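Structure file structure03.cif (mmCIF, C-alpha atoms and all ligand atoms; chains and numbers go by the auth columns) is printed below.
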data_model
loop_
_atom_site.group_PDB
_atom_site.id
_atom_site.type_symbol
_atom_site.label_atom_id
_atom_site.label_comp_id
_atom_site.label_asym_id
_atom_site.label_seq_id
_atom_site.Cartn_x
_atom_site.Cartn_y
_atom_site.Cartn_z
_atom_site.B_iso_or_equiv
_atom_site.auth_seq_id
_atom_site.auth_asym_id
ATOM 1 C CA MET A 1 78.813 89.847 119.755 0.00 1 N
ATOM 2 C CA ILE A 2 81.841 91.479 121.432 0.00 2 N
ATOM 3 C CA PHE A 3 84.313 90.879 118.569 0.00 3 N
ATOM 4 C CA ASN A 4 83.157 92.284 115.265 0.00 4 N
ATOM 5 C CA TYR A 5 84.196 94.885 112.653 0.00 5 N
ATOM 6 C CA GLU A 6 83.152 97.745 114.913 0.00 6 N
ATOM 7 C CA THR A 7 85.155 96.579 117.912 0.00 7 N
ATOM 8 C CA LEU A 8 88.190 95.085 116.113 0.00 8 N
ATOM 9 C CA VAL A 9 88.816 97.043 112.906 0.00 9 N
ATOM 10 C CA ASP A 10 87.228 100.467 113.441 0.00 10 N
ATOM 11 C CA PRO A 11 89.517 101.389 116.368 0.00 11 N
ATOM 12 C CA LEU A 12 92.590 100.532 114.241 0.00 12 N
ATOM 13 C CA LEU A 13 91.423 102.881 111.483 0.00 13 N
ATOM 14 C CA ARG A 14 90.356 105.798 113.696 0.00 14 N
ATOM 15 C CA ASP A 15 93.436 107.882 112.775 0.00 15 N
ATOM 16 C CA VAL A 16 92.778 107.279 109.071 0.00 16 N
ATOM 17 C CA ARG A 17 89.166 108.485 109.440 0.00 17 N
ATOM 18 C CA ARG A 18 90.378 111.662 111.132 0.00 18 N
ATOM 19 C CA PHE A 19 93.146 112.304 108.594 0.00 19 N
ATOM 20 C CA THR A 20 90.963 111.974 105.484 0.00 20 N
ATOM 21 C CA PRO A 21 88.731 115.122 105.470 0.00 21 N
ATOM 22 C CA GLY A 22 91.645 117.525 105.995 0.00 22 N
ATOM 23 C CA PHE A 23 93.932 115.736 103.529 0.00 23 N
ATOM 24 C CA CYS A 24 91.204 115.923 100.896 0.00 24 N
ATOM 25 C CA GLY A 25 90.432 119.593 101.520 0.00 25 N
ATOM 26 C CA MET A 26 86.753 118.995 102.296 0.00 26 N
ATOM 27 C CA ARG A 27 84.712 121.925 103.586 0.00 27 N
ATOM 28 C CA PRO A 28 81.442 122.101 105.517 0.00 28 N
ATOM 29 C CA GLY A 29 78.527 121.842 103.097 0.00 29 N
ATOM 30 C CA ASP A 30 80.419 119.714 100.542 0.00 30 N
ATOM 31 C CA SER A 31 78.576 116.578 99.436 0.00 31 N
ATOM 32 C CA VAL A 32 80.461 113.337 100.083 0.00 32 N
ATOM 33 C CA LEU A 33 79.555 109.746 99.234 0.00 33 N
ATOM 34 C CA ASP A 34 81.429 106.822 100.835 0.00 34 N
ATOM 35 C CA VAL A 35 80.823 103.504 99.038 0.00 35 N
ATOM 36 C CA CYS A 36 81.094 100.148 100.837 0.00 36 N
ATOM 37 C CA CYS A 37 80.892 102.214 104.032 0.00 37 N
ATOM 38 C CA GLY A 38 80.688 99.271 106.444 0.00 38 N
ATOM 39 C CA THR A 39 79.861 100.527 109.950 0.00 39 N
ATOM 40 C CA GLY A 40 79.849 104.104 108.608 0.00 40 N
ATOM 41 C CA ALA A 41 82.819 105.328 110.654 0.00 41 N
ATOM 42 C CA GLN A 42 84.269 107.390 107.774 0.00 42 N
ATOM 43 C CA VAL A 43 80.846 108.808 106.897 0.00 43 N
ATOM 44 C CA ILE A 44 80.242 109.828 110.521 0.00 44 N
ATOM 45 C CA GLU A 45 83.635 111.576 110.494 0.00 45 N
ATOM 46 C CA TYR A 46 82.620 113.517 107.364 0.00 46 N
ATOM 47 C CA GLY A 47 79.345 114.399 109.080 0.00 47 N
ATOM 48 C CA ARG A 48 81.144 115.647 112.193 0.00 48 N
ATOM 49 C CA HIS A 49 83.017 118.100 109.961 0.00 49 N
ATOM 50 C CA GLY A 50 79.748 119.479 108.517 0.00 50 N
ATOM 51 C CA MET A 51 79.783 117.732 105.168 0.00 51 N
ATOM 52 C CA ILE A 52 76.523 116.397 103.669 0.00 52 N
ATOM 53 C CA ALA A 53 77.626 112.791 104.030 0.00 53 N
ATOM 54 C CA THR A 54 76.074 109.686 102.459 0.00 54 N
ATOM 55 C CA GLY A 55 77.157 106.085 102.970 0.00 55 N
ATOM 56 C CA ILE A 56 76.106 102.995 101.041 0.00 56 N
ATOM 57 C CA ASP A 57 76.752 99.327 101.771 0.00 57 N
ATOM 58 C CA ASN A 58 75.095 96.096 100.612 0.00 58 N
ATOM 59 C CA ASP A 59 75.229 94.406 104.042 0.00 59 N
ATOM 60 C CA PRO A 60 72.177 95.179 106.221 0.00 60 N
ATOM 61 C CA THR A 61 74.073 94.204 109.403 0.00 61 N
ATOM 62 C CA MET A 62 76.824 96.741 108.718 0.00 62 N
ATOM 63 C CA LEU A 63 74.200 99.393 107.939 0.00 63 N
ATOM 64 C CA LYS A 64 72.365 98.669 111.179 0.00 64 N
ATOM 65 C CA THR A 65 75.557 99.540 113.078 0.00 65 N
ATOM 66 C CA ALA A 66 76.037 102.647 110.903 0.00 66 N
ATOM 67 C CA LEU A 67 72.494 103.851 111.645 0.00 67 N
ATOM 68 C CA LYS A 68 72.971 103.211 115.366 0.00 68 N
ATOM 69 C CA ASN A 69 76.175 105.321 115.311 0.00 69 N
ATOM 70 C CA LYS A 70 74.442 108.099 113.393 0.00 70 N
ATOM 71 C CA ALA A 71 71.561 108.190 115.898 0.00 71 N
ATOM 72 C CA ARG A 72 73.965 108.282 118.836 0.00 72 N
ATOM 73 C CA ARG A 73 75.704 111.356 117.417 0.00 73 N
ATOM 74 C CA LYS A 74 72.452 113.029 116.262 0.00 74 N
ATOM 75 C CA LEU A 75 73.916 113.877 112.856 0.00 75 N
ATOM 76 C CA GLU A 76 71.101 115.147 110.592 0.00 76 N
ATOM 77 C CA ASN A 77 73.549 115.720 107.709 0.00 77 N
ATOM 78 C CA VAL A 78 74.412 111.992 107.487 0.00 78 N
ATOM 79 C CA SER A 79 72.414 109.305 105.663 0.00 79 N
ATOM 80 C CA PHE A 80 72.936 105.619 104.928 0.00 80 N
ATOM 81 C CA HIS A 81 71.438 103.466 102.178 0.00 81 N
ATOM 82 C CA LEU A 82 71.408 99.776 101.317 0.00 82 N
ATOM 83 C CA ALA A 83 72.871 99.626 97.811 0.00 83 N
ATOM 84 C CA ASP A 84 75.309 97.852 95.493 0.00 84 N
ATOM 85 C CA ALA A 85 78.430 99.947 94.902 0.00 85 N
ATOM 86 C CA ALA A 86 78.625 98.563 91.362 0.00 86 N
ATOM 87 C CA GLN A 87 75.108 99.930 90.633 0.00 87 N
ATOM 88 C CA LEU A 88 74.802 103.150 92.593 0.00 88 N
ATOM 89 C CA PRO A 89 71.274 104.566 92.988 0.00 89 N
ATOM 90 C CA PHE A 90 72.418 108.129 92.169 0.00 90 N
ATOM 91 C CA GLY A 91 72.500 110.205 89.010 0.00 91 N
ATOM 92 C CA ALA A 92 75.689 111.279 87.250 0.00 92 N
ATOM 93 C CA ASN A 93 77.733 114.242 88.553 0.00 93 N
ATOM 94 C CA CYS A 94 76.100 114.319 92.008 0.00 94 N
ATOM 95 C CA PHE A 95 78.862 114.519 94.630 0.00 95 N
ATOM 96 C CA ASP A 96 81.817 116.793 95.365 0.00 96 N
ATOM 97 C CA TYR A 97 83.715 113.796 96.771 0.00 97 N
ATOM 98 C CA VAL A 98 83.323 110.025 96.460 0.00 98 N
ATOM 99 C CA SER A 99 85.461 107.777 98.653 0.00 99 N
ATOM 100 C CA VAL A 100 86.124 104.082 99.105 0.00 100 N
ATOM 101 C CA SER A 101 88.080 102.770 102.056 0.00 101 N
ATOM 102 C CA MET A 102 89.540 99.259 102.445 0.00 102 N
ATOM 103 C CA ALA A 103 86.895 97.834 100.132 0.00 103 N
ATOM 104 C CA LEU A 104 88.621 97.352 96.761 0.00 104 N
ATOM 105 C CA HIS A 105 91.378 94.901 97.737 0.00 105 N
ATOM 106 C CA ASP A 106 88.893 92.127 98.626 0.00 106 N
ATOM 107 C CA LYS A 107 87.005 92.083 95.331 0.00 107 N
ATOM 108 C CA GLY A 108 87.599 90.359 92.029 0.00 108 N
ATOM 109 C CA ARG A 109 88.822 92.546 89.181 0.00 109 N
ATOM 110 C CA LEU A 110 85.426 92.883 87.467 0.00 110 N
ATOM 111 C CA THR A 111 83.648 94.039 90.626 0.00 111 N
ATOM 112 C CA ARG A 112 86.571 96.277 91.605 0.00 112 N
ATOM 113 C CA TYR A 113 86.464 97.984 88.228 0.00 113 N
ATOM 114 C CA GLY A 114 82.644 98.141 88.321 0.00 114 N
ATOM 115 C CA VAL A 115 82.710 99.967 91.665 0.00 115 N
ATOM 116 C CA VAL A 116 85.297 102.485 90.462 0.00 116 N
ATOM 117 C CA SER A 117 83.368 103.110 87.216 0.00 117 N
ATOM 118 C CA GLU A 118 80.324 103.966 89.297 0.00 118 N
ATOM 119 C CA MET A 119 82.339 106.235 91.598 0.00 119 N
ATOM 120 C CA LYS A 120 83.611 108.024 88.510 0.00 120 N
ATOM 121 C CA ARG A 121 80.079 108.406 87.136 0.00 121 N
ATOM 122 C CA VAL A 122 78.496 109.948 90.261 0.00 122 N
ATOM 123 C CA VAL A 123 81.325 112.353 91.191 0.00 123 N
ATOM 124 C CA LYS A 124 81.007 115.887 89.770 0.00 124 N
ATOM 125 C CA GLN A 125 83.130 116.770 86.744 0.00 125 N
ATOM 126 C CA ASP A 126 85.454 118.858 88.936 0.00 126 N
ATOM 127 C CA GLY A 127 84.995 116.606 91.988 0.00 127 N
ATOM 128 C CA THR A 128 87.477 114.352 93.762 0.00 128 N
ATOM 129 C CA LEU A 129 87.729 110.604 94.135 0.00 129 N
ATOM 130 C CA ILE A 130 89.370 109.250 97.270 0.00 130 N
ATOM 131 C CA PHE A 131 90.909 105.786 97.506 0.00 131 N
ATOM 132 C CA ILE A 132 92.192 104.314 100.762 0.00 132 N
ATOM 133 C CA ASP A 133 93.621 100.796 100.646 0.00 133 N
ATOM 134 C CA TYR A 134 96.729 98.667 101.006 0.00 134 N
ATOM 135 C CA ALA A 135 99.808 100.191 99.417 0.00 135 N
ATOM 136 C CA VAL A 136 101.355 97.900 96.767 0.00 136 N
ATOM 137 C CA PRO A 137 104.074 96.636 96.854 0.00 137 N
ATOM 138 C CA MET A 138 103.102 95.862 100.411 0.00 138 N
ATOM 139 C CA ALA A 139 105.199 97.237 103.243 0.00 139 N
ATOM 140 C CA ARG A 140 107.834 95.006 104.807 0.00 140 N
ATOM 141 C CA ASN A 141 106.792 95.228 108.412 0.00 141 N
ATOM 142 C CA ILE A 142 104.821 93.380 111.051 0.00 142 N
ATOM 143 C CA TRP A 143 101.578 95.171 110.091 0.00 143 N
ATOM 144 C CA ALA A 144 101.838 93.891 106.538 0.00 144 N
ATOM 145 C CA VAL A 145 102.542 90.346 107.770 0.00 145 N
ATOM 146 C CA LEU A 146 99.503 90.480 110.058 0.00 146 N
ATOM 147 C CA SER A 147 97.350 91.956 107.284 0.00 147 N
ATOM 148 C CA ARG A 148 98.367 89.184 104.878 0.00 148 N
ATOM 149 C CA MET A 149 97.404 86.656 107.553 0.00 149 N
ATOM 150 C CA VAL A 150 94.007 88.267 108.101 0.00 150 N
ATOM 151 C CA GLU A 151 93.307 88.317 104.357 0.00 151 N
ATOM 152 C CA PHE A 152 94.405 84.668 104.068 0.00 152 N
ATOM 153 C CA LEU A 153 92.138 83.652 106.955 0.00 153 N
ATOM 154 C CA ALA A 154 89.199 85.461 105.327 0.00 154 N
ATOM 155 C CA GLY A 155 89.667 82.860 102.568 0.00 155 N
ATOM 156 C CA GLY A 156 87.552 82.147 99.463 0.00 156 N
ATOM 157 C CA ASP A 157 86.695 84.992 97.093 0.00 157 N
ATOM 158 C CA HIS A 158 87.991 87.534 99.590 0.00 158 N
ATOM 159 C CA TYR A 159 91.525 86.106 99.556 0.00 159 N
ATOM 160 C CA ALA A 160 91.422 85.552 95.796 0.00 160 N
ATOM 161 C CA GLY A 161 90.443 89.230 95.418 0.00 161 N
ATOM 162 C CA PHE A 162 93.276 90.305 97.709 0.00 162 N
ATOM 163 C CA LYS A 163 95.842 88.266 95.756 0.00 163 N
ATOM 164 C CA GLY A 164 94.552 89.696 92.489 0.00 164 N
ATOM 165 C CA TYR A 165 94.693 93.229 93.887 0.00 165 N
ATOM 166 C CA VAL A 166 98.318 92.836 95.043 0.00 166 N
ATOM 167 C CA ASP A 167 99.490 90.934 91.948 0.00 167 N
ATOM 168 C CA SER A 168 97.988 93.511 89.587 0.00 168 N
ATOM 169 C CA GLY A 169 99.611 96.475 91.344 0.00 169 N
ATOM 170 C CA GLY A 170 96.861 97.593 93.739 0.00 170 N
ATOM 171 C CA LEU A 171 95.463 101.097 93.383 0.00 171 N
ATOM 172 C CA GLU A 172 97.987 102.002 90.673 0.00 172 N
ATOM 173 C CA ASP A 173 96.387 99.505 88.286 0.00 173 N
ATOM 174 C CA ILE A 174 92.908 100.789 89.147 0.00 174 N
ATOM 175 C CA LEU A 175 93.862 104.447 88.624 0.00 175 N
ATOM 176 C CA GLU A 176 95.497 103.713 85.296 0.00 176 N
ATOM 177 C CA ALA A 177 92.699 101.487 84.018 0.00 177 N
ATOM 178 C CA HIS A 178 90.157 104.251 84.754 0.00 178 N
ATOM 179 C CA HIS A 179 92.311 107.077 83.350 0.00 179 N
ATOM 180 C CA LEU A 180 92.244 108.902 86.684 0.00 180 N
ATOM 181 C CA ARG A 181 94.640 111.776 87.368 0.00 181 N
ATOM 182 C CA VAL A 182 96.328 111.684 90.756 0.00 182 N
ATOM 183 C CA ASP A 183 96.281 115.006 92.663 0.00 183 N
ATOM 184 C CA ASP A 184 97.992 113.831 95.823 0.00 184 N
ATOM 185 C CA ARG A 185 98.799 110.758 97.849 0.00 185 N
ATOM 186 C CA SER A 186 99.991 109.986 101.358 0.00 186 N
ATOM 187 C CA TYR A 187 101.115 106.826 103.118 0.00 187 N
ATOM 188 C CA LEU A 188 99.497 105.758 106.378 0.00 188 N
ATOM 189 C CA LYS A 189 100.160 103.185 109.093 0.00 189 N
ATOM 190 C CA ASP A 190 103.914 102.867 108.507 0.00 190 N
ATOM 191 C CA GLY A 191 103.385 102.510 104.778 0.00 191 N
ATOM 192 C CA LEU A 192 100.818 99.718 105.069 0.00 192 N
ATOM 193 C CA MET A 193 98.073 101.857 103.549 0.00 193 N
ATOM 194 C CA VAL A 194 97.880 104.638 100.986 0.00 194 N
ATOM 195 C CA ILE A 195 95.327 107.401 100.450 0.00 195 N
ATOM 196 C CA VAL A 196 95.028 108.803 96.943 0.00 196 N
ATOM 197 C CA LYS A 197 93.163 111.901 95.758 0.00 197 N
ATOM 198 C CA ALA A 198 92.285 111.640 92.084 0.00 198 N
ATOM 199 C CA ARG A 199 90.206 113.319 89.384 0.00 199 N
ATOM 200 C CA ARG A 200 88.523 111.953 86.302 0.00 200 N
HETATM 201 C C1 LIG B . 86.361 95.553 104.534 0.00 301 N
HETATM 202 S S1 LIG B . 84.827 96.370 104.695 0.00 301 N
HETATM 203 C C2 LIG B . 85.336 98.083 104.656 0.00 301 N
HETATM 204 C C3 LIG B . 84.351 98.954 105.360 0.00 301 N
HETATM 205 C C4 LIG B . 84.731 100.432 105.466 0.00 301 N
HETATM 206 N N1 LIG B . 84.783 101.070 104.162 0.00 301 N
HETATM 207 C C5 LIG B . 86.017 100.652 106.209 0.00 301 N
HETATM 208 O O1 LIG B . 86.875 101.411 105.754 0.00 301 N
HETATM 209 O O2 LIG B . 86.146 100.109 107.299 0.00 301 N
HETATM 210 C C6 LIG B . 84.104 96.138 103.107 0.00 301 N
HETATM 211 C C7 LIG B . 82.634 96.589 103.052 0.00 301 N
HETATM 212 O O3 LIG B . 82.213 96.541 101.692 0.00 301 N
HETATM 213 C C8 LIG B . 80.867 96.095 101.663 0.00 301 N
HETATM 214 N N2 LIG B . 80.592 95.620 100.303 0.00 301 N
HETATM 215 C C9 LIG B . 81.145 94.561 99.673 0.00 301 N
HETATM 216 N N3 LIG B . 80.679 94.476 98.407 0.00 301 N
HETATM 217 C C10 LIG B . 79.834 95.521 98.244 0.00 301 N
HETATM 218 C C11 LIG B . 79.040 95.988 97.139 0.00 301 N
HETATM 219 N N4 LIG B . 79.038 95.351 95.969 0.00 301 N
HETATM 220 N N5 LIG B . 78.277 97.073 97.330 0.00 301 N
HETATM 221 C C12 LIG B . 78.268 97.726 98.520 0.00 301 N
HETATM 222 N N6 LIG B . 78.982 97.332 99.581 0.00 301 N
HETATM 223 C C13 LIG B . 79.762 96.245 99.443 0.00 301 N
HETATM 224 C C14 LIG B . 80.811 95.045 102.742 0.00 301 N
HETATM 225 O O4 LIG B . 79.498 94.799 103.170 0.00 301 N
HETATM 226 C C15 LIG B . 81.679 95.672 103.829 0.00 301 N
HETATM 227 O O5 LIG B . 80.907 96.453 104.696 0.00 301 N
#

Encoding of this model in structure tokens:
Amino acid sequence: MIFNYETLVDPLLRDVRRFTPGFCGMRPGDSVLDVCCGTGAQVIEYGRHGMIATGIDNDPTMLKTALKNKARRKLENVSFHLADAAQLPFGANCFDYVSVSMALHDKGRLTRYGVVSEMKRVVKQDGTLIFIDYAVPMARNIWAVLSRMVEFLAGGDHYAGFKGYVDSGGLEDILEAHHLRVDDRSYLKDGLMVIVKARR
């Protein structure tokens, strides 16, 4: 198929992928887990910078694309696994960094909180959690209007999750509910998105 996540969404987020490792202060050799990694674009970017990068997603089709991209770049320090982000197959205190990108706003509150609880469990005590998602309140620009339309068209549970995410305050609610301490944040895409560095 010509139009899919890889051809439509990944190009729009390329600058975000590139911005993230430097903003977070990652160094070669650091261990990084990206949950709900989709086509693995963020994981591949971590790998290109020399991090030991792991991606998990519960959609085999997304992972197939991720594995194809890994093979094309011959990145031995990158791995992908089929897994549920709300039940991660890793022990506690495993990773220097754990990230989630554009994958909390589309979930119901219980799942959203379940994913973040797991991220908190597997990151090292002195490690960093990274959240990239829509900034709330949402920006007042054409990108926000288009994003709202896309989320509406996705429909069903996805749209219900999006509405719940926005109505509850977005990442701010999630950070507070999980008692996470914010180290730094930056706004991306004309204020449409926010990236937050936090600690447990
Ligand atoms: C909107 S995409 C975001 C993908 C990627 N993180 C990005 O920034 O482009 C959401 C991804 O979350 C995955 N996903 C949804 N629920 C999940 C779960 N419970 N466990 C793991 N992955 C999940 C989907 O398969 C999809 O690939």

Residues within 9 Å of ligand LIG 301 (chain N) (all atoms listed in the file), as a VMD selection string? chain N and resid 5 to 6 9 to 10 13 16 to 17 34 to 42 56 to 63 82 to 88 99 to 107 111 to 112 114 to 115 132 to 133

Shortest contact to Val194 in chain N, candidates N:Asp96, N:Glu151, N:Glu172, N:Asp157, atoms counted all atoms listed in the file, goes to N:Glu172

Of N:Gly170, N:Met119, N:Thr65, N:Met149, the one nearest to Asn4 in chain N when counting only C-alpha atoms is N:Thr65

Original post:
N:Asp15, N:Asp167, N:Glu76, N:Asp184: which is nearest Met138 in chain N, counting all atoms listed in the file?
Top reply: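 Result for the nearest residue to Met138 in chain N: N:Asp167.
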
Run the PyMOL selection byres (((chain N and resi 91) around 12) and not hetatm) against the file shown and list the residues it catches, as an MDAnalysis selection string. chainID N and resid 87:90 92:95 118:124

If you count all atoms listed in the file, the residue of N:Thr7, N:Ile44, N:Leu192, N:Val166 closest to Lys74 in chain N turns out to be N:Ile44

All residues 6 Å or closer to Thr128 in chain N, only C-alpha atoms, same chain fewer than 2 positions away omitted, as a PyMOL selection string: chain N and resi 97+198-199

Check: Can you list, as a list in words, the residues that the PyMOL selection byres (((chain N and resi 190) around 10) and not hetatm) selects here?
Finding: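 After applying the PyMOL selection byres (((chain N and resi 190) around 10) and not hetatm), what remains is Ala139, Arg140, Asn141, Ile142, Trp143, Ala144, Tyr187, Leu188, Lys189, Gly191, Leu192, Met193 and Val194 of chain N.
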
Original post:
N:Met51, N:Val98, N:Val145, N:Leu171: which is nearest Gln125 in chain N, counting all atoms listed in the file?
Top reply: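 Counting all atoms listed in the file, the residue closest to Gln125 in chain N is N:Val98.
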
Could you please fill out range 128-146 of chain N with N, CA and C atoms and send it back as a PDB file, in the frame of the given file?
ATOM      1  N   THR N 128      86.287 115.130  93.364  1.00  0.00           N
ATOM      2  CA  THR N 128      87.477 114.352  93.762  1.00  0.00           C
ATOM      3  C   THR N 128      87.096 112.944  94.178  1.00  0.00           C
ATOM      4  N   LEU N 129      87.883 111.995  93.702  1.00  0.00           N
ATOM      5  CA  LEU N 129      87.729 110.604  94.135  1.00  0.00           C
ATOM      6  C   LEU N 129      88.803 110.307  95.167  1.00  0.00           C
ATOM      7  N   ILE N 130      88.428 109.557  96.186  1.00  0.00           N
ATOM      8  CA  ILE N 130      89.370 109.250  97.270  1.00  0.00           C
ATOM      9  C   ILE N 130      89.457 107.739  97.432  1.00  0.00           C
ATOM     10  N   PHE N 131      90.675 107.220  97.358  1.00  0.00           N
ATOM     11  CA  PHE N 131      90.909 105.786  97.506  1.00  0.00           C
ATOM     12  C   PHE N 131      91.816 105.549  98.710  1.00  0.00           C
ATOM     13  N   ILE N 132      91.368 104.687  99.605  1.00  0.00           N
ATOM     14  CA  ILE N 132      92.192 104.314 100.762  1.00  0.00           C
ATOM     15  C   ILE N 132      92.280 102.790 100.761  1.00  0.00           C
ATOM     16  N   ASP N 133      93.506 102.270 100.656  1.00  0.00           N
ATOM     17  CA  ASP N 133      93.621 100.796 100.646  1.00  0.00           C
ATOM     18  C   ASP N 133      95.071 100.410 100.906  1.00  0.00           C
ATOM     19  N   TYR N 134      95.354  99.116 100.832  1.00  0.00           N
ATOM     20  CA  TYR N 134      96.729  98.667 101.006  1.00  0.00           C
ATOM     21  C   TYR N 134      97.621  99.293  99.937  1.00  0.00           C
ATOM     22  N   ALA N 135      98.806  99.747 100.371  1.00  0.00           N
ATOM     23  CA  ALA N 135      99.808 100.191  99.417  1.00  0.00           C
ATOM     24  C   ALA N 135     100.447  98.948  98.798  1.00  0.00           C
ATOM     25  N   VAL N 136     100.703  99.005  97.490  1.00  0.00           N
ATOM     26  CA  VAL N 136     101.355  97.900  96.767  1.00  0.00           C
ATOM     27  C   VAL N 136     102.557  98.463  96.004  1.00  0.00           C
ATOM     28  N   PRO N 137     103.753  97.853  96.096  1.00  0.00           N
ATOM     29  CA  PRO N 137     104.074  96.636  96.854  1.00  0.00           C
ATOM     30  C   PRO N 137     103.810  96.846  98.345  1.00  0.00           C
ATOM     31  N   MET N 138     103.443  95.745  98.999  1.00  0.00           N
ATOM     32  CA  MET N 138     103.102  95.862 100.411  1.00  0.00           C
ATOM     33  C   MET N 138     104.346  96.153 101.246  1.00  0.00           C
ATOM     34  N   ALA N 139     104.107  96.874 102.335  1.00  0.00           N
ATOM     35  CA  ALA N 139     105.199  97.237 103.243  1.00  0.00           C
ATOM     36  C   ALA N 139     105.869  95.969 103.773  1.00  0.00           C
ATOM     37  N   ARG N 140     107.125  96.136 104.202  1.00  0.00           N
ATOM     38  CA  ARG N 140     107.834  95.006 104.807  1.00  0.00           C
ATOM     39  C   ARG N 140     107.909  95.255 106.303  1.00  0.00           C
ATOM     40  N   ASN N 141     106.791  95.063 106.958  1.00  0.00           N
ATOM     41  CA  ASN N 141     106.792  95.228 108.412  1.00  0.00           C
ATOM     42  C   ASN N 141     105.750  94.292 109.031  1.00  0.00           C
ATOM     43  N   ILE N 142     105.686  94.309 110.330  1.00  0.00           N
ATOM     44  CA  ILE N 142     104.821  93.380 111.051  1.00  0.00           C
ATOM     45  C   ILE N 142     103.352  93.602 110.703  1.00  0.00           C
ATOM     46  N   TRP N 143     102.984  94.877 110.417  1.00  0.00           N
ATOM     47  CA  TRP N 143     101.578  95.171 110.091  1.00  0.00           C
ATOM     48  C   TRP N 143     101.185  94.526 108.772  1.00  0.00           C
ATOM     49  N   ALA N 144     102.125  94.514 107.833  1.00  0.00           N
ATOM     50  CA  ALA N 144     101.838  93.891 106.538  1.00  0.00           C
ATOM     51  C   ALA N 144     101.731  92.371 106.696  1.00  0.00           C
ATOM     52  N   VAL N 145     102.600  91.798 107.545  1.00  0.00           N
ATOM     53  CA  VAL N 145     102.542  90.346 107.770  1.00  0.00           C
ATOM     54  C   VAL N 145     101.185  89.978 108.398  1.00  0.00           C
ATOM     55  N   LEU N 146     100.793  90.761 109.399  1.00  0.00           N
ATOM     56  CA  LEU N 146      99.503  90.480 110.058  1.00  0.00           C
ATOM     57  C   LEU N 146      98.337  90.663 109.083  1.00  0.00           C
TER      58      LEU N 146
END
